[in-house]
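What follows is one structure encoded as C-alpha cells, with my remarks underneath.
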Amino acid sequence: MKGKSILMLAVALGCGLVAMIGVQQVLSGDKKEEVKQTTPVLVAVQEISPGIEIEDSMVTFKEMPLDMVPADAVISPDQYVNRALRTRAFPGTPIVQAMLGEEGVFSASNEIPTGMRVAAISVTAKTAVAGFVNPHDRVDIQVTYKRRIAGKTVERTKTLLEYIEVFAVDKQRDLVDSDTESIYKNI
C-alpha cells in the first residue's frame, strides 16, 4: 500500500506542477505591454516670444503617443523653418500650426488680425493712467474738444471707441513689469 500511495502522491504533484506552469504562462501572456505608436512633435525648449524667428536651439522634437498629439501639431522641420510664433510659447509647450505666423514674417505685425489696424496714441505718464495700462488691456478712447457756442467756449468729451485692445505700450508687446518705472510715450 505504501507503493501505491507514493505513486499517487507523485502523480498529484506532477499534475499540480503542470497546472501551475500553465496558469503562470497564461497570466504572464496578458501582462505584456502594448507598444504604443508615437510620433515626433515640435516642443519649445525655452520661452519663445512672438515675432522672433524660430531657431533650432529654441525647440526640439519629442516623441509623443499618437493619442496625445494635437491635431495640427508641427511634426517635421520644414513646417517651422523661416517662421515665427504668433503667440508666446513656454518650455514644454507643443507647437501647433495655429501658433505659427506666415513664412518670412518676423515681427509683431503678424499678430494684427486681418482687416484691423494699429494706431499710435501719444501719451504722458499722467494720461497713461499712471502706468496701469498694459498690452492686451481693453480701454475706451475718448476725445476732448472745445467748441464755441453763442460766444462761449464749451469743452466736451465724447467716447470715440469702446473696449479697444491695447496692442503695445511703447515697444513692449508683453505685460510691463511693475518694477520698471517706464514713462510711456505711445500706447
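Chain labels follow the order of the C-alpha cells: the first chain is A, the next B, and so on; residue numbering restarts at 1 in every chain, and ligands are counted from 1 in their shown order.
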
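Excluding His136 (chain A) itself and any same-chain residue fewer than 4 positions from it, the protein and nucleic acid residues within 8 Å of it, counting only C-alpha atoms, are Glu165, Val166, Phe167, Ala168 and Leu175 of chain A.
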
Write out, as a PDB file, in the first residue's frame, the residues just selected, with C-alpha atoms.
```pdb
ATOM      1  CA  GLU A 165      -7.375  96.205 -27.087  1.00  0.00           C
ATOM      2  CA  VAL A 166      -4.023  97.841 -26.329  1.00  0.00           C
ATOM      3  CA  PHE A 167      -1.646  96.303 -28.880  1.00  0.00           C
ATOM      4  CA  ALA A 168       1.606  97.553 -27.326  1.00  0.00           C
ATOM      5  CA  LEU A 175       2.991  92.835 -19.917  1.00  0.00           C
TER       6      LEU A 175
END
```

Using DSSP on the backbone, list every residue of region 7-156 of chain A that comes out as strand (DSSP E or B), and give them as a ChimeraX atom specification. /A:38-44,48,53,59-65,73,84-85,89,94,96,100,122,138-149,152-156

Residue neighbourhood region 63-68 of chain A, 7 Å, only C-alpha atoms, exclusion window fewer than 2 positions, as number ranges by chain: A: 36-41, 61, 70

Counting only C-alpha atoms, the option among A:Thr157, A:Asn82, A:Gln97, A:Thr144 closest to Glu53 (chain A):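 The shortest atom-to-atom distance to Glu53 (chain A) comes from A:Asn82.
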
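Restricting the calculation to only C-alpha atoms, the smallest distance between Arg156 (chain A) and any of A:Ile112, A:Val169, A:Ile52, A:Gln142 is found for A:Gln142.
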
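Nearest to Ala73 (chain A) of all the residues A:Val43, A:Leu85, A:Val59, A:Ala10 is A:Val43, based on only C-alpha atoms.
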
Just to confirm, what's the straight-line distance from CA of Ser76 (chain A) to CA of Gln46 (chain A) in Å (one decimal)?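 The value is 18.8 Å.
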
Identify, with DSSP run on backbone atoms, the residues in region 4-139 of chain A assigned to helix (DSSP H, G or I), and express the list as a PyMOL selection string. chain A and resi 4-30+56-58+66-68+77-79+97-99+108-111+129-131

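Picture a line from CA of Gly104 (chain A) to CA of Glu55 (chain A); it runs 13.2 Å.
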
Interatomic distance (Å, one decimal) between CA of Val96 (chain A) and CA of Val81 (chain A):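 Taking CA of Val96 (chain A) as the start and CA of Val81 (chain A) as the end point, the length is 13.4 Å.
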